[in-house]
Structure formats: structure tokens, C-alpha cells
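Peer 1: My file is start-v8.cif. It has mmCIF, C-alpha atoms:
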data_target
#
loop_
_atom_site.group_PDB
_atom_site.id
_atom_site.type_symbol
_atom_site.label_atom_id
_atom_site.label_comp_id
_atom_site.auth_asym_id
_atom_site.auth_seq_id
_atom_site.Cartn_x
_atom_site.Cartn_y
_atom_site.Cartn_z
ATOM 1 C CA MET A 27 -108.974 -57.010 57.396
ATOM 2 C CA SER A 28 -111.843 -59.225 58.489
ATOM 3 C CA VAL A 29 -115.492 -58.320 58.710
ATOM 4 C CA SER A 30 -117.402 -59.656 61.646
ATOM 5 C CA ARG A 31 -120.953 -60.958 61.605
ATOM 6 C CA ARG A 32 -121.956 -57.857 63.559
ATOM 7 C CA ASP A 33 -120.385 -55.581 60.914
ATOM 8 C CA PHE A 34 -122.336 -57.277 58.135
ATOM 9 C CA MET A 35 -125.527 -57.225 60.191
ATOM 10 C CA ALA A 36 -125.016 -53.493 60.591
ATOM 11 C CA LEU A 37 -124.886 -53.241 56.798
ATOM 12 C CA LEU A 38 -128.183 -55.121 56.588
ATOM 13 C CA GLY A 39 -129.820 -52.829 59.107
ATOM 14 C CA THR A 40 -131.792 -53.639 62.201
ATOM 15 C CA SER A 41 -134.389 -55.796 60.473
ATOM 16 C CA VAL A 42 -132.207 -58.823 59.797
ATOM 17 C CA ALA A 43 -134.752 -61.395 60.989
ATOM 18 C CA VAL A 44 -137.356 -60.465 58.397
ATOM 19 C CA THR A 45 -139.338 -62.634 56.058
ATOM 20 C CA VAL A 46 -137.456 -62.863 52.780
ATOM 21 C CA ALA A 47 -139.952 -64.850 50.721
ATOM 22 C CA GLY A 48 -143.525 -65.683 51.520
ATOM 23 C CA SER A 49 -145.884 -68.236 50.071
ATOM 24 C CA ALA A 50 -147.133 -65.778 47.423
ATOM 25 C CA ALA A 51 -143.599 -65.476 46.033
ATOM 26 C CA LEU A 52 -143.235 -69.254 46.048
ATOM 27 C CA VAL A 53 -146.531 -69.729 44.216
ATOM 28 C CA ALA A 54 -145.454 -67.126 41.661
ATOM 29 C CA ALA A 55 -142.223 -69.094 41.172
ATOM 30 C CA GLY A 56 -144.158 -72.266 40.393
ATOM 31 C CA ALA A 57 -144.560 -73.983 43.765
ATOM 32 C CA PRO A 58 -147.924 -75.745 44.222
ATOM 33 C CA ALA A 59 -150.449 -73.390 45.824
ATOM 34 C CA LYS A 60 -151.492 -76.044 48.387
ATOM 35 C CA ALA A 61 -147.943 -76.642 49.622
ATOM 36 C CA PRO A 62 -147.238 -75.504 53.197
ATOM 37 C CA ALA A 63 -144.524 -73.208 51.852
ATOM 38 C CA GLY A 64 -144.099 -71.072 54.933
ATOM 39 C CA LYS A 65 -141.830 -68.081 55.074
ATOM 40 C CA TRP A 66 -138.062 -68.040 54.827
ATOM 41 C CA ILE A 67 -136.354 -65.949 57.496
ATOM 42 C CA VAL A 68 -132.746 -64.980 58.002
ATOM 43 C CA GLU A 69 -131.608 -67.197 60.858
ATOM 44 C CA HIS A 70 -127.864 -66.558 60.878
ATOM 45 C CA ILE A 71 -125.233 -64.423 59.182
ATOM 46 C CA GLY A 72 -121.691 -65.693 59.537
ATOM 47 C CA ALA A 73 -118.333 -63.993 59.250
ATOM 48 C CA VAL A 74 -116.737 -63.765 55.818
ATOM 49 C CA SER A 75 -115.415 -67.223 54.947
ATOM 50 C CA LYS A 76 -113.217 -67.877 51.913
ATOM 51 C CA GLY A 77 -114.397 -64.604 50.407
ATOM 52 C CA ALA A 78 -118.152 -65.073 50.859
ATOM 53 C CA ILE A 79 -120.702 -64.204 53.523
ATOM 54 C CA PRO A 80 -122.635 -67.295 54.641
ATOM 55 C CA VAL A 81 -126.311 -66.619 55.325
ATOM 56 C CA THR A 82 -128.605 -69.296 56.759
ATOM 57 C CA LEU A 83 -132.299 -69.080 55.895
ATOM 58 C CA ARG A 84 -134.891 -71.123 57.769
ATOM 59 C CA ASN A 85 -138.420 -72.011 56.699
ATOM 60 C CA ASP A 86 -140.750 -71.119 59.579
ATOM 61 C CA VAL A 87 -143.196 -73.944 58.779
ATOM 62 C CA THR A 88 -140.971 -76.880 57.821
ATOM 63 C CA GLY A 89 -137.835 -75.929 59.761
ATOM 64 C CA GLU A 90 -135.753 -76.595 56.640
ATOM 65 C CA THR A 91 -132.552 -74.556 56.460
ATOM 66 C CA LEU A 92 -130.825 -73.208 53.401
ATOM 67 C CA ARG A 93 -127.239 -71.954 53.330
ATOM 68 C CA VAL A 94 -126.610 -69.106 50.926
ATOM 69 C CA GLU A 95 -123.198 -67.685 50.085
ATOM 70 C CA ALA A 96 -123.124 -64.018 49.166
ATOM 71 C CA CYS A 97 -120.229 -63.051 46.883
ATOM 72 C CA ARG A 98 -119.421 -59.645 45.420
ATOM 73 C CA ARG A 99 -121.166 -59.099 42.061
ATOM 74 C CA GLY A 100 -119.000 -60.343 39.247
ATOM 75 C CA LEU A 101 -119.189 -62.334 36.053
ATOM 76 C CA ALA A 102 -120.408 -65.550 37.676
ATOM 77 C CA ALA A 103 -122.211 -67.769 35.218
ATOM 78 C CA ASN A 104 -125.075 -69.030 37.359
ATOM 79 C CA PRO A 105 -125.835 -67.322 40.649
ATOM 80 C CA VAL A 106 -129.246 -68.336 41.978
ATOM 81 C CA ALA A 107 -130.051 -64.638 42.415
ATOM 82 C CA LYS A 108 -128.383 -61.255 42.113
ATOM 83 C CA SER A 109 -128.736 -58.102 44.153
ATOM 84 C CA ALA A 110 -127.204 -54.774 43.278
ATOM 85 C CA HIS A 111 -124.008 -55.722 45.133
ATOM 86 C CA PHE A 112 -124.058 -59.522 45.487
ATOM 87 C CA ASP A 113 -124.235 -62.759 43.518
ATOM 88 C CA LEU A 114 -126.046 -65.298 45.698
ATOM 89 C CA PHE A 115 -125.311 -69.020 45.558
ATOM 90 C CA VAL A 116 -126.918 -71.942 47.383
ATOM 91 C CA ALA A 117 -124.353 -74.072 49.206
ATOM 92 C CA ASN A 118 -125.590 -77.571 48.425
ATOM 93 C CA ASP A 119 -122.826 -79.837 49.711
ATOM 94 C CA GLY A 120 -120.959 -80.085 46.443
ATOM 95 C CA GLN A 121 -123.972 -80.899 44.284
ATOM 96 C CA GLY A 122 -123.134 -78.028 41.959
ATOM 97 C CA HIS A 123 -124.723 -79.610 38.900
ATOM 98 C CA ALA A 124 -128.023 -80.432 40.632
ATOM 99 C CA PRO A 125 -130.947 -78.140 39.784
ATOM 100 C CA THR A 126 -131.957 -75.756 42.551
ATOM 101 C CA ASN A 127 -135.383 -76.347 44.085
ATOM 102 C CA ARG A 128 -137.927 -73.650 43.082
ATOM 103 C CA ASP A 129 -138.725 -72.906 46.735
ATOM 104 C CA HIS A 130 -135.043 -72.271 47.329
ATOM 105 C CA VAL A 131 -134.749 -70.038 44.250
ATOM 106 C CA ALA A 132 -137.688 -67.950 45.467
ATOM 107 C CA ALA A 133 -136.182 -67.686 48.958
ATOM 108 C CA VAL A 134 -132.803 -66.550 47.591
ATOM 109 C CA GLN A 135 -134.514 -64.044 45.280
ATOM 110 C CA GLY A 136 -136.312 -62.692 48.339
ATOM 111 C CA LEU A 137 -132.974 -62.373 50.127
ATOM 112 C CA ALA A 138 -131.559 -60.489 47.108
ATOM 113 C CA ALA A 139 -134.475 -58.049 47.241
ATOM 114 C CA HIS A 140 -133.871 -57.553 50.974
ATOM 115 C CA LEU A 141 -130.172 -56.909 50.361
ATOM 116 C CA ASP A 142 -131.078 -54.327 47.697
ATOM 117 C CA ARG A 143 -133.168 -52.458 50.251
ATOM 118 C CA THR A 144 -130.640 -52.595 53.075
ATOM 119 C CA VAL A 145 -127.033 -52.909 51.881
ATOM 120 C CA GLN A 146 -125.178 -49.895 50.514
ATOM 121 C CA ALA A 147 -121.633 -51.308 50.398
ATOM 122 C CA VAL A 148 -119.815 -54.631 50.302
ATOM 123 C CA PRO A 149 -117.116 -55.485 52.874
ATOM 124 C CA ALA A 150 -113.654 -55.363 51.261
ATOM 125 C CA THR A 151 -112.951 -59.026 52.096
ATOM 126 C CA VAL A 152 -115.913 -60.282 50.047
ATOM 127 C CA LEU A 153 -114.741 -61.634 46.680
ATOM 128 C CA THR A 154 -116.441 -62.281 43.372
ATOM 129 C CA MET A 155 -117.045 -65.984 42.718
ATOM 130 C CA GLY A 156 -114.241 -65.944 40.131
ATOM 131 C CA GLU A 157 -111.774 -64.441 42.628
ATOM 132 C CA ARG A 158 -112.991 -66.887 45.244
ATOM 133 C CA LEU A 159 -112.407 -69.930 43.037
ATOM 134 C CA THR A 160 -108.937 -68.666 42.130
ATOM 135 C CA ALA A 161 -107.994 -68.043 45.766
ATOM 136 C CA HIS A 162 -109.497 -71.257 47.172
ATOM 137 C CA ALA A 163 -108.835 -74.280 44.957
ATOM 138 C CA ASP A 164 -110.757 -76.570 47.346
ATOM 139 C CA LEU A 165 -113.992 -74.895 46.236
ATOM 140 C CA HIS A 166 -113.619 -76.576 42.842
ATOM 141 C CA ALA A 167 -114.285 -80.031 44.284
ATOM 142 C CA THR A 168 -117.872 -81.219 43.972
ATOM 143 C CA ALA A 169 -119.633 -84.345 45.135
ATOM 144 C CA ASP A 170 -120.834 -84.977 41.597
ATOM 145 C CA ASP A 171 -117.311 -85.342 40.178
ATOM 146 C CA VAL A 172 -116.763 -88.827 38.728
ATOM 147 C CA LEU A 173 -114.375 -90.906 40.808
ATOM 148 C CA ALA A 174 -111.762 -93.056 39.060
#
Would you give me this structure, written as C-alpha cells?
Peer 2:
Amino acid sequence: MSVSRRDFMALLGTSVAVTVAGSAALVAAGAPAKAPAGKWIVEHIGAVSKGAIPVTLRNDVTGETLRVEACRRGLAANPVAKSAHFDLFVANDGQGHAPTNRDHVAAVQGLAAHLDRTVQAVPATVLTMGERLTAHADLHATADDVLA
């Protein structure tokens, strides 16, 4: 069974394109108060891919985009944020050991809060990160692995 983007958007409710983290949240998370932080909005929600729901956030001031992968809550060691139903991870092109930017952490925490307000159930095809890594060995590869 697959879950379409429209099905997941229905779970989120009609207010998908809402601000998920404003400058006040970024300042509280340690971003400089003078930075043009902008607001992060949900730009795109993709279909379930390899057991996760890809969500693209966009900063309305800088235009920067951030890809977040929403997995079912599990025993993941280091999600960037957690909602009641999801562990949220930043997809950073295989730089899994790199620290996550504070602005990005605040944006993903805002997304988690939004998911808590709007999502009551998780599509059956969404996996925990542990299940995802077991089912998709290619997810283990990172760009920071040492090459021989």
C-alpha cells in the first residue's frame, strides 16, 4: 500500500503552507537576533520514499530550502526533532556526522510542533529509522565515510 502526497496532506490538515518557525523561535534557539532569519514554510510534501515522508521547508527571506525526512517514532539515536508520531531528520546529502545548523534545528522543531497539532495517525508505509536502515542498505552510505 502506498500513501500519496495528497493522503499525507490530508493528515496534516488544510493549513499545510503555514509558518513552522519564526524569527522568535530562531532567536530562542541561539540564532543572532540581527540575522534576517525569516520564516520557514512547508513548500512540498512528497510521497513516502524508502519508508519516510520527505518534507521540503523553505525560508521566506533567504529562499534556502531544507529537506526533512519524517519517520515513524522509534528508538532512533539522534532525530533533529520529535513529534508525538514522528522522528524528524534533516537530509543533508550524506553529511550525517556534521552538526545541524541551529536555524535548521529550530525549523524542524517548529515542524514537529505543527505535526503534533495536525496529525493523528501515521501512514502504514512509514517506517521507524531502524526499520528503514534495515530495509534500505543504501541509506547507510554517507559522504563523510573515509575512502580507501
Peer 1: What is the CA of Val87 in chain A-CA of Leu137 in chain A distance in Å, reported with one decimal?
Peer 2: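 Computing it gives 17.7 Å between the two atoms.
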Peer 1: In Å, how far is it from CA of Gly100 in chain A to CA of Thr154 in chain A?
Peer 2: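 Going from CA of Gly100 in chain A over to CA of Thr154 in chain A covers 5.2 Å.
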Peer 1: From the list A:Ala132, A:Val148, A:Met155, A:Ala163, which residue is nearest Pro105 in chain A when using only C-alpha atoms?
Peer 2: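 Checking each candidate against Pro105 in chain A, we get A:Met155 as the closest.
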Peer 1: Looking at A:Val116, A:Leu159, A:Ala110, A:Ile71, which one is nearest to His140 in chain A, with distances taken over only C-alpha atoms?
Peer 2: A:Ala110
Peer 1: Compare A:Gln135, A:Ala124, A:Gly77, A:Glu90 by their minimum atom-to-atom distance to Ser109 in chain A, counting all atoms listed in the file, and give me the closest one.
Peer 2: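 Closest to Ser109 in chain A of all the choices is A:Gln135.
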Peer 1: Between A:Asp164, A:His130, A:Ala107, A:Ala78, which is the closest to Ala150 in chain A once you count all atoms listed in the file?
Peer 2: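 The answer is A:Ala78, which sits nearest to Ala150 in chain A.
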Peer 1: Take the PyMOL selection byres ((chain A and resi 96) around 12), apply it to the structure above, and return the hits as a PDB file with C-alpha atoms, in the coordinates of the input.
Peer 2:
ATOM      1  CA  PHE A  34    -122.336 -57.277  58.135  1.00  0.00           C
ATOM      2  CA  ILE A  71    -125.233 -64.423  59.182  1.00  0.00           C
ATOM      3  CA  GLY A  72    -121.691 -65.693  59.537  1.00  0.00           C
ATOM      4  CA  ALA A  73    -118.333 -63.993  59.250  1.00  0.00           C
ATOM      5  CA  VAL A  74    -116.737 -63.765  55.818  1.00  0.00           C
ATOM      6  CA  SER A  75    -115.415 -67.223  54.947  1.00  0.00           C
ATOM      7  CA  LYS A  76    -113.217 -67.877  51.913  1.00  0.00           C
ATOM      8  CA  GLY A  77    -114.397 -64.604  50.407  1.00  0.00           C
ATOM      9  CA  ALA A  78    -118.152 -65.073  50.859  1.00  0.00           C
ATOM     10  CA  ILE A  79    -120.702 -64.204  53.523  1.00  0.00           C
ATOM     11  CA  PRO A  80    -122.635 -67.295  54.641  1.00  0.00           C
ATOM     12  CA  VAL A  81    -126.311 -66.619  55.325  1.00  0.00           C
ATOM     13  CA  THR A  82    -128.605 -69.296  56.759  1.00  0.00           C
ATOM     14  CA  ARG A  93    -127.239 -71.954  53.330  1.00  0.00           C
ATOM     15  CA  VAL A  94    -126.610 -69.106  50.926  1.00  0.00           C
ATOM     16  CA  GLU A  95    -123.198 -67.685  50.085  1.00  0.00           C
ATOM     17  CA  CYS A  97    -120.229 -63.051  46.883  1.00  0.00           C
ATOM     18  CA  ARG A  98    -119.421 -59.645  45.420  1.00  0.00           C
ATOM     19  CA  ARG A  99    -121.166 -59.099  42.061  1.00  0.00           C
ATOM     20  CA  GLY A 100    -119.000 -60.343  39.247  1.00  0.00           C
ATOM     21  CA  ALA A 102    -120.408 -65.550  37.676  1.00  0.00           C
ATOM     22  CA  PRO A 105    -125.835 -67.322  40.649  1.00  0.00           C
ATOM     23  CA  VAL A 106    -129.246 -68.336  41.978  1.00  0.00           C
ATOM     24  CA  ALA A 107    -130.051 -64.638  42.415  1.00  0.00           C
ATOM     25  CA  LYS A 108    -128.383 -61.255  42.113  1.00  0.00           C
ATOM     26  CA  SER A 109    -128.736 -58.102  44.153  1.00  0.00           C
ATOM     27  CA  ALA A 110    -127.204 -54.774  43.278  1.00  0.00           C
ATOM     28  CA  HIS A 111    -124.008 -55.722  45.133  1.00  0.00           C
ATOM     29  CA  PHE A 112    -124.058 -59.522  45.487  1.00  0.00           C
ATOM     30  CA  ASP A 113    -124.235 -62.759  43.518  1.00  0.00           C
ATOM     31  CA  LEU A 114    -126.046 -65.298  45.698  1.00  0.00           C
ATOM     32  CA  PHE A 115    -125.311 -69.020  45.558  1.00  0.00           C
ATOM     33  CA  VAL A 116    -126.918 -71.942  47.383  1.00  0.00           C
ATOM     34  CA  ALA A 117    -124.353 -74.072  49.206  1.00  0.00           C
ATOM     35  CA  VAL A 134    -132.803 -66.550  47.591  1.00  0.00           C
ATOM     36  CA  LEU A 137    -132.974 -62.373  50.127  1.00  0.00           C
ATOM     37  CA  ALA A 138    -131.559 -60.489  47.108  1.00  0.00           C
ATOM     38  CA  LEU A 141    -130.172 -56.909  50.361  1.00  0.00           C
ATOM     39  CA  VAL A 148    -119.815 -54.631  50.302  1.00  0.00           C
ATOM     40  CA  PRO A 149    -117.116 -55.485  52.874  1.00  0.00           C
ATOM     41  CA  THR A 151    -112.951 -59.026  52.096  1.00  0.00           C
ATOM     42  CA  VAL A 152    -115.913 -60.282  50.047  1.00  0.00           C
ATOM     43  CA  LEU A 153    -114.741 -61.634  46.680  1.00  0.00           C
ATOM     44  CA  THR A 154    -116.441 -62.281  43.372  1.00  0.00           C
ATOM     45  CA  MET A 155    -117.045 -65.984  42.718  1.00  0.00           C
ATOM     46  CA  ARG A 158    -112.991 -66.887  45.244  1.00  0.00           C
TER      47      ARG A 158
END
Peer 1: For CA of Trp66 in chain A and CA of Asn127 in chain A, quote the distance in Å rounded to one decimal.
Peer 2: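 Interatomic distance here is 13.8 Å.
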Peer 1: Translate the PyMOL selection byres ((chain A and resi 83) around 6), as applied to the file shown, into an explicit residue set as a ChimeraX atom specification.
Peer 2: /A:66-69,82,84,91-92
Peer 1: Restricting the calculation to only C-alpha atoms, which member of A:Lys65, A:Val131, A:His70, A:Asn104 is positioned closest to Gly89 in chain A?
Peer 2: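 Smallest separation from Gly89 in chain A among the options: A:Lys65.
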Peer 1: With all atoms listed in the file as the atoms that count, which of A:Ala63, A:Ala139, A:Ala147, A:Leu165 lies nearest to Asp86 in chain A?
Peer 2: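 Counting all atoms listed in the file, the residue closest to Asp86 in chain A is A:Ala63.
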